[in-house]
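J.: Got a file for you: model06.csv, CSV, N, CA and C atoms.
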chain,number,residue,atom,x,y,z
D,230,MET,N,-57.7,-13.1,82.3
D,230,MET,CA,-56.4,-13.3,82.9
D,230,MET,C,-55.6,-14.2,82.0
D,231,PRO,N,-54.4,-13.9,81.7
D,231,PRO,CA,-53.6,-14.8,80.9
D,231,PRO,C,-53.2,-16.0,81.7
D,232,ARG,N,-53.1,-15.9,83.0
D,232,ARG,CA,-52.6,-17.1,83.8
D,232,ARG,C,-53.5,-17.2,85.0
D,233,LEU,N,-53.9,-18.4,85.5
D,233,LEU,CA,-54.7,-18.6,86.6
D,233,LEU,C,-54.1,-17.9,87.9
D,234,GLU,N,-52.8,-18.0,88.0
D,234,GLU,CA,-52.1,-17.4,89.2
D,234,GLU,C,-52.4,-15.9,89.3
D,235,GLU,N,-52.7,-15.3,88.2
D,235,GLU,CA,-52.9,-13.8,88.2
D,235,GLU,C,-54.4,-13.5,88.5
D,236,ALA,N,-55.2,-14.5,88.5
D,236,ALA,CA,-56.7,-14.2,88.7
D,236,ALA,C,-57.0,-13.8,90.2
D,237,GLN,N,-58.0,-13.0,90.3
D,237,GLN,CA,-58.5,-12.7,91.7
D,237,GLN,C,-59.5,-13.7,92.1
D,238,VAL,N,-59.2,-14.3,93.3
D,238,VAL,CA,-60.2,-15.3,93.8
D,238,VAL,C,-61.2,-14.5,94.6
D,239,LEU,N,-62.5,-14.8,94.2
D,239,LEU,CA,-63.6,-14.1,94.8
D,239,LEU,C,-64.4,-14.9,95.8
D,240,ALA,N,-64.9,-14.3,96.8
D,240,ALA,CA,-65.8,-15.0,97.7
D,240,ALA,C,-67.1,-15.2,96.9
D,241,ASP,N,-67.9,-16.2,97.3
D,241,ASP,CA,-69.2,-16.5,96.6
D,241,ASP,C,-70.1,-15.3,96.6
D,242,SER,N,-70.1,-14.5,97.6
D,242,SER,CA,-70.9,-13.3,97.6
D,242,SER,C,-70.5,-12.3,96.6
D,243,GLU,N,-69.3,-12.2,96.2
D,243,GLU,CA,-68.8,-11.3,95.2
D,243,GLU,C,-68.9,-11.8,93.7
D,244,ALA,N,-68.8,-13.1,93.6
D,244,ALA,CA,-68.6,-13.8,92.3
D,244,ALA,C,-69.7,-13.5,91.3
D,245,GLU,N,-71.0,-13.6,91.7
D,245,GLU,CA,-72.1,-13.4,90.8
D,245,GLU,C,-72.2,-11.9,90.3
D,246,ALA,N,-71.9,-11.0,91.2
D,246,ALA,CA,-72.0,-9.6,90.8
D,246,ALA,C,-70.8,-9.3,89.9
D,247,THR,N,-69.7,-9.9,90.1
D,247,THR,CA,-68.5,-9.6,89.2
D,247,THR,C,-68.8,-10.2,87.8
D,248,LEU,N,-69.4,-11.4,87.8
D,248,LEU,CA,-69.8,-12.0,86.5
D,248,LEU,C,-70.8,-11.1,85.8
D,249,ALA,N,-71.7,-10.6,86.5
D,249,ALA,CA,-72.7,-9.7,85.8
D,249,ALA,C,-72.0,-8.4,85.2
D,250,ARG,N,-71.0,-7.9,85.9
D,250,ARG,CA,-70.3,-6.7,85.4
D,250,ARG,C,-69.5,-7.1,84.2
D,251,ALA,N,-69.1,-8.3,84.0
D,251,ALA,CA,-68.3,-8.8,82.9
D,251,ALA,C,-69.1,-8.7,81.6
D,252,ALA,N,-70.4,-8.5,81.7
D,252,ALA,CA,-71.2,-8.4,80.5
D,252,ALA,C,-70.8,-7.2,79.6
D,253,GLY,N,-70.3,-6.1,80.3
D,253,GLY,CA,-69.8,-5.0,79.6
D,253,GLY,C,-68.5,-5.3,78.7
D,254,TRP,N,-67.7,-6.1,79.3
D,254,TRP,CA,-66.5,-6.5,78.5
D,254,TRP,C,-66.9,-7.4,77.3
D,255,VAL,N,-67.9,-8.2,77.5
D,255,VAL,CA,-68.4,-9.1,76.4
D,255,VAL,C,-68.9,-8.1,75.3
D,256,GLN,N,-69.7,-7.1,75.7
D,256,GLN,CA,-70.2,-6.2,74.7
D,256,GLN,C,-69.1,-5.5,73.9
D,257,LYS,N,-68.0,-5.2,74.6
D,257,LYS,CA,-66.9,-4.5,73.9
D,257,LYS,C,-66.0,-5.5,73.2
D,258,ARG,N,-66.3,-6.8,73.2
D,258,ARG,CA,-65.6,-7.9,72.6
D,258,ARG,C,-64.2,-8.0,73.2
D,259,GLU,N,-64.0,-7.7,74.5
D,259,GLU,CA,-62.8,-7.9,75.2
D,259,GLU,C,-62.7,-9.3,75.8
D,260,VAL,N,-63.9,-9.9,76.1
D,260,VAL,CA,-64.0,-11.1,76.8
D,260,VAL,C,-65.0,-12.0,76.0
D,261,VAL,N,-64.8,-13.3,76.0
D,261,VAL,CA,-65.8,-14.2,75.4
D,261,VAL,C,-66.3,-15.2,76.4
D,262,ALA,N,-67.6,-15.2,76.6
D,262,ALA,CA,-68.2,-16.3,77.4
D,262,ALA,C,-67.6,-16.5,78.8
D,263,PRO,N,-67.5,-15.4,79.6
D,263,PRO,CA,-67.0,-15.6,81.0
D,263,PRO,C,-67.9,-16.5,81.8
D,264,TYR,N,-67.3,-17.2,82.7
D,264,TYR,CA,-68.0,-18.1,83.6
D,264,TYR,C,-67.2,-18.2,84.9
D,265,LEU,N,-67.9,-18.7,86.0
D,265,LEU,CA,-67.3,-18.9,87.3
D,265,LEU,C,-67.0,-20.4,87.4
D,266,PHE,N,-65.9,-20.6,88.2
D,266,PHE,CA,-65.6,-22.0,88.5
D,266,PHE,C,-64.9,-22.0,89.9
D,267,ASP,N,-65.1,-23.2,90.6
D,267,ASP,CA,-64.5,-23.3,91.9
D,267,ASP,C,-63.0,-23.5,91.9
D,268,VAL,N,-62.4,-22.9,92.9
D,268,VAL,CA,-61.0,-23.1,93.1
D,268,VAL,C,-60.7,-23.4,94.6
D,269,ARG,N,-59.6,-23.8,94.9
D,269,ARG,CA,-59.2,-23.9,96.3
D,269,ARG,C,-57.7,-23.4,96.4
D,270,LEU,N,-57.4,-23.0,97.6
D,270,LEU,CA,-56.0,-22.5,97.8
D,270,LEU,C,-55.2,-23.6,98.5
D,271,GLU,N,-54.1,-24.0,97.9
D,271,GLU,CA,-53.2,-25.0,98.4
D,271,GLU,C,-51.8,-24.4,98.6
D,272,LYS,N,-51.5,-24.1,99.9
D,272,LYS,CA,-50.2,-23.5,100.2
D,272,LYS,C,-50.0,-22.2,99.4
D,273,GLY,N,-51.1,-21.4,99.4
D,273,GLY,CA,-51.1,-20.1,98.7
D,273,GLY,C,-51.2,-20.1,97.2
D,274,VAL,N,-51.4,-21.3,96.6
D,274,VAL,CA,-51.5,-21.5,95.1
D,274,VAL,C,-52.9,-21.7,94.8
D,275,THR,N,-53.5,-21.0,93.8
D,275,THR,CA,-54.8,-21.3,93.3
D,275,THR,C,-54.9,-22.5,92.5
D,276,VAL,N,-55.7,-23.4,92.9
D,276,VAL,CA,-55.9,-24.7,92.1
D,276,VAL,C,-57.3,-24.9,91.8
D,277,PRO,N,-57.6,-25.2,90.5
D,277,PRO,CA,-59.0,-25.5,90.1
D,277,PRO,C,-59.5,-26.8,90.8
D,278,VAL,N,-60.8,-26.8,91.1
D,278,VAL,CA,-61.4,-28.0,91.8
D,278,VAL,C,-61.6,-29.1,90.7
D,279,LYS,N,-62.1,-28.7,89.6
D,279,LYS,CA,-62.5,-29.7,88.5
D,279,LYS,C,-61.3,-29.9,87.5
D,280,VAL,N,-61.3,-31.0,87.0
D,280,VAL,CA,-60.2,-31.4,86.0
D,280,VAL,C,-60.3,-30.5,84.7
D,281,ARG,N,-61.6,-30.2,84.3
D,281,ARG,CA,-61.8,-29.3,83.1
D,281,ARG,C,-61.0,-28.0,83.2
D,282,GLU,N,-61.1,-27.3,84.4
D,282,GLU,CA,-60.5,-26.1,84.5
D,282,GLU,C,-59.0,-26.2,84.8
D,283,ALA,N,-58.5,-27.3,85.3
D,283,ALA,CA,-57.1,-27.6,85.5
D,283,ALA,C,-56.5,-27.8,84.1
D,284,ILE,N,-57.1,-28.4,83.2
D,284,ILE,CA,-56.6,-28.6,81.8
D,284,ILE,C,-56.6,-27.2,81.2
D,285,ARG,N,-57.7,-26.5,81.3
D,285,ARG,CA,-57.7,-25.1,80.6
D,285,ARG,C,-56.6,-24.2,81.2
D,286,ALA,N,-56.4,-24.3,82.5
D,286,ALA,CA,-55.4,-23.4,83.1
D,286,ALA,C,-54.0,-23.8,82.7
D,287,ALA,N,-53.8,-25.0,82.2
D,287,ALA,CA,-52.4,-25.5,81.8
D,287,ALA,C,-52.1,-24.9,80.4
D,288,GLY,N,-53.1,-24.5,79.6
D,288,GLY,CA,-52.9,-23.9,78.3
D,288,GLY,C,-53.4,-24.8,77.2
D,289,PRO,N,-53.1,-24.4,76.0
D,289,PRO,CA,-53.7,-25.2,74.8
D,289,PRO,C,-53.3,-26.7,74.9
D,290,THR,N,-54.2,-27.5,74.4
D,290,THR,CA,-53.9,-29.0,74.4
D,290,THR,C,-53.6,-29.5,73.0
D,291,VAL,N,-53.3,-28.5,72.1
D,291,VAL,CA,-53.0,-28.9,70.8
D,291,VAL,C,-51.6,-28.4,70.5
D,292,ARG,N,-50.9,-29.0,69.5
D,292,ARG,CA,-49.6,-28.5,69.2
D,292,ARG,C,-49.7,-27.4,68.1
D,293,PRO,N,-49.1,-26.3,68.4
D,293,PRO,CA,-49.2,-25.1,67.4
D,293,PRO,C,-48.4,-25.4,66.1
D,294,ASP,N,-47.6,-26.4,66.1
D,294,ASP,CA,-46.8,-26.6,64.9
D,294,ASP,C,-47.5,-27.6,64.0
D,295,LEU,N,-48.7,-28.0,64.3
D,295,LEU,CA,-49.4,-29.0,63.4
D,295,LEU,C,-50.8,-28.4,63.1
D,296,GLY,N,-51.3,-28.9,62.0
D,296,GLY,CA,-52.7,-28.6,61.6
D,296,GLY,C,-52.9,-27.1,61.2
D,297,LYS,N,-54.1,-26.6,61.4
D,297,LYS,CA,-54.5,-25.3,61.0
D,297,LYS,C,-53.5,-24.2,61.5
D,298,ALA,N,-53.2,-24.3,62.8
D,298,ALA,CA,-52.3,-23.3,63.4
D,298,ALA,C,-51.0,-23.2,62.6
D,299,GLU,N,-50.5,-24.3,62.2
D,299,GLU,CA,-49.2,-24.3,61.5
D,299,GLU,C,-49.4,-23.7,60.1
D,300,ARG,N,-50.5,-24.1,59.4
D,300,ARG,CA,-50.7,-23.7,58.1
D,300,ARG,C,-51.0,-22.2,58.0
D,301,LEU,N,-51.7,-21.7,59.0
D,301,LEU,CA,-52.0,-20.3,59.1
D,301,LEU,C,-50.9,-19.5,59.8
D,302,ASN,N,-49.8,-20.1,60.2
D,302,ASN,CA,-48.7,-19.5,61.0
D,302,ASN,C,-49.3,-18.7,62.2
D,303,VAL,N,-50.2,-19.4,62.9
D,303,VAL,CA,-50.8,-18.7,64.1
D,303,VAL,C,-50.1,-19.3,65.3
D,304,SER,N,-49.7,-18.4,66.2
D,304,SER,CA,-49.1,-18.7,67.5
D,304,SER,C,-50.2,-18.9,68.5
D,305,LEU,N,-50.2,-20.0,69.2
D,305,LEU,CA,-51.2,-20.2,70.3
D,305,LEU,C,-50.5,-19.9,71.7
D,306,ARG,N,-49.3,-19.4,71.7
D,306,ARG,CA,-48.7,-19.2,73.0
D,306,ARG,C,-48.7,-17.7,73.3
Could you show the structure in this file as structure tokens?
T.:
Amino acid sequence: MPRLEEAQVLADSEAEATLARAAGWVQKREVVAPYLFDVRLEKGVTVPVKVREAIRAAGPTVRPDLGKAERLNVSLR
């Protein structure tokens, strides 16, 4: 998912089976290292429980105009 808001929130009973099915996407190199993480719904908005996922959901923590990304003219957005 490009954005957390677009992700499907799964019940615990569905989550493990869905992660197992993701192995096919990994084989096709469409997905890299999928994993499950806890979320909660606050006023209809999906919010990560842990800070790590909140940071990841916010997007890159580096400036694309500096360092390797700038030298390679790579867009991180």
J.: Distance atom C of Ala246 of chain D-atom N of Glu259 of chain D, one decimal place?
T.: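 About the pair atom C of Ala246 of chain D and atom N of Glu259 of chain D: they are 16.9 Å apart.
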J.: Can you work out the spacing between atom CA of Gly288 of chain D and atom CA of Gln237 of chain D in Å, to one decimal?
T.: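 Distance between the two atoms: 18.3 Å.
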J.: Might you pull out every residue within 12 Å of Arg281 of chain D, with only C-alpha atoms counted and same-chain residues fewer than 3 positions away left off, and present them as an mmCIF file with N, CA and C atoms, keeping the file's coordinate frame?
T.:
data_model
loop_
_atom_site.group_PDB
_atom_site.id
_atom_site.type_symbol
_atom_site.label_atom_id
_atom_site.label_comp_id
_atom_site.auth_asym_id
_atom_site.auth_seq_id
_atom_site.Cartn_x
_atom_site.Cartn_y
_atom_site.Cartn_z
ATOM 1 N N PHE D 266 -65.900 -20.600 88.200
ATOM 2 C CA PHE D 266 -65.600 -22.000 88.500
ATOM 3 C C PHE D 266 -64.900 -22.000 89.900
ATOM 4 N N ASP D 267 -65.100 -23.200 90.600
ATOM 5 C CA ASP D 267 -64.500 -23.300 91.900
ATOM 6 C C ASP D 267 -63.000 -23.500 91.900
ATOM 7 N N VAL D 268 -62.400 -22.900 92.900
ATOM 8 C CA VAL D 268 -61.000 -23.100 93.100
ATOM 9 C C VAL D 268 -60.700 -23.400 94.600
ATOM 10 N N VAL D 276 -55.700 -23.400 92.900
ATOM 11 C CA VAL D 276 -55.900 -24.700 92.100
ATOM 12 C C VAL D 276 -57.300 -24.900 91.800
ATOM 13 N N PRO D 277 -57.600 -25.200 90.500
ATOM 14 C CA PRO D 277 -59.000 -25.500 90.100
ATOM 15 C C PRO D 277 -59.500 -26.800 90.800
ATOM 16 N N VAL D 278 -60.800 -26.800 91.100
ATOM 17 C CA VAL D 278 -61.400 -28.000 91.800
ATOM 18 C C VAL D 278 -61.600 -29.100 90.700
ATOM 19 N N ILE D 284 -57.100 -28.400 83.200
ATOM 20 C CA ILE D 284 -56.600 -28.600 81.800
ATOM 21 C C ILE D 284 -56.600 -27.200 81.200
ATOM 22 N N ARG D 285 -57.700 -26.500 81.300
ATOM 23 C CA ARG D 285 -57.700 -25.100 80.600
ATOM 24 C C ARG D 285 -56.600 -24.200 81.200
ATOM 25 N N ALA D 286 -56.400 -24.300 82.500
ATOM 26 C CA ALA D 286 -55.400 -23.400 83.100
ATOM 27 C C ALA D 286 -54.000 -23.800 82.700
ATOM 28 N N ALA D 287 -53.800 -25.000 82.200
ATOM 29 C CA ALA D 287 -52.400 -25.500 81.800
ATOM 30 C C ALA D 287 -52.100 -24.900 80.400
ATOM 31 N N GLY D 288 -53.100 -24.500 79.600
ATOM 32 C CA GLY D 288 -52.900 -23.900 78.300
ATOM 33 C C GLY D 288 -53.400 -24.800 77.200
ATOM 34 N N THR D 290 -54.200 -27.500 74.400
ATOM 35 C CA THR D 290 -53.900 -29.000 74.400
ATOM 36 C C THR D 290 -53.600 -29.500 73.000
#
J.: Running DSSP on the backbone, which parts of segment 242-300 of chain D land in helix (DSSP H, G or I), as a count of residues only?
T.: 27
J.: For the atom pair atom CA of Arg250 of chain D and atom CA of Leu265 of chain D, what is the interatomic distance in Å to one decimal place?
T.: 12.7 Å
J.: For each of D:Arg269, D:Thr275, D:Gln256, D:Ala262, take the minimum atom-to-atom distance to Leu233 of chain D, counting only N, CA and C atoms, then give the residue where this is smallest.
T.: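 Smallest distance to Leu233 of chain D is found for D:Thr275.
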J.: When DSSP works through the backbone of this structure, what residues of chain D end up as strand (DSSP E or B), shown as a PyMOL selection string?
T.: chain D and resi 268-271+274-277
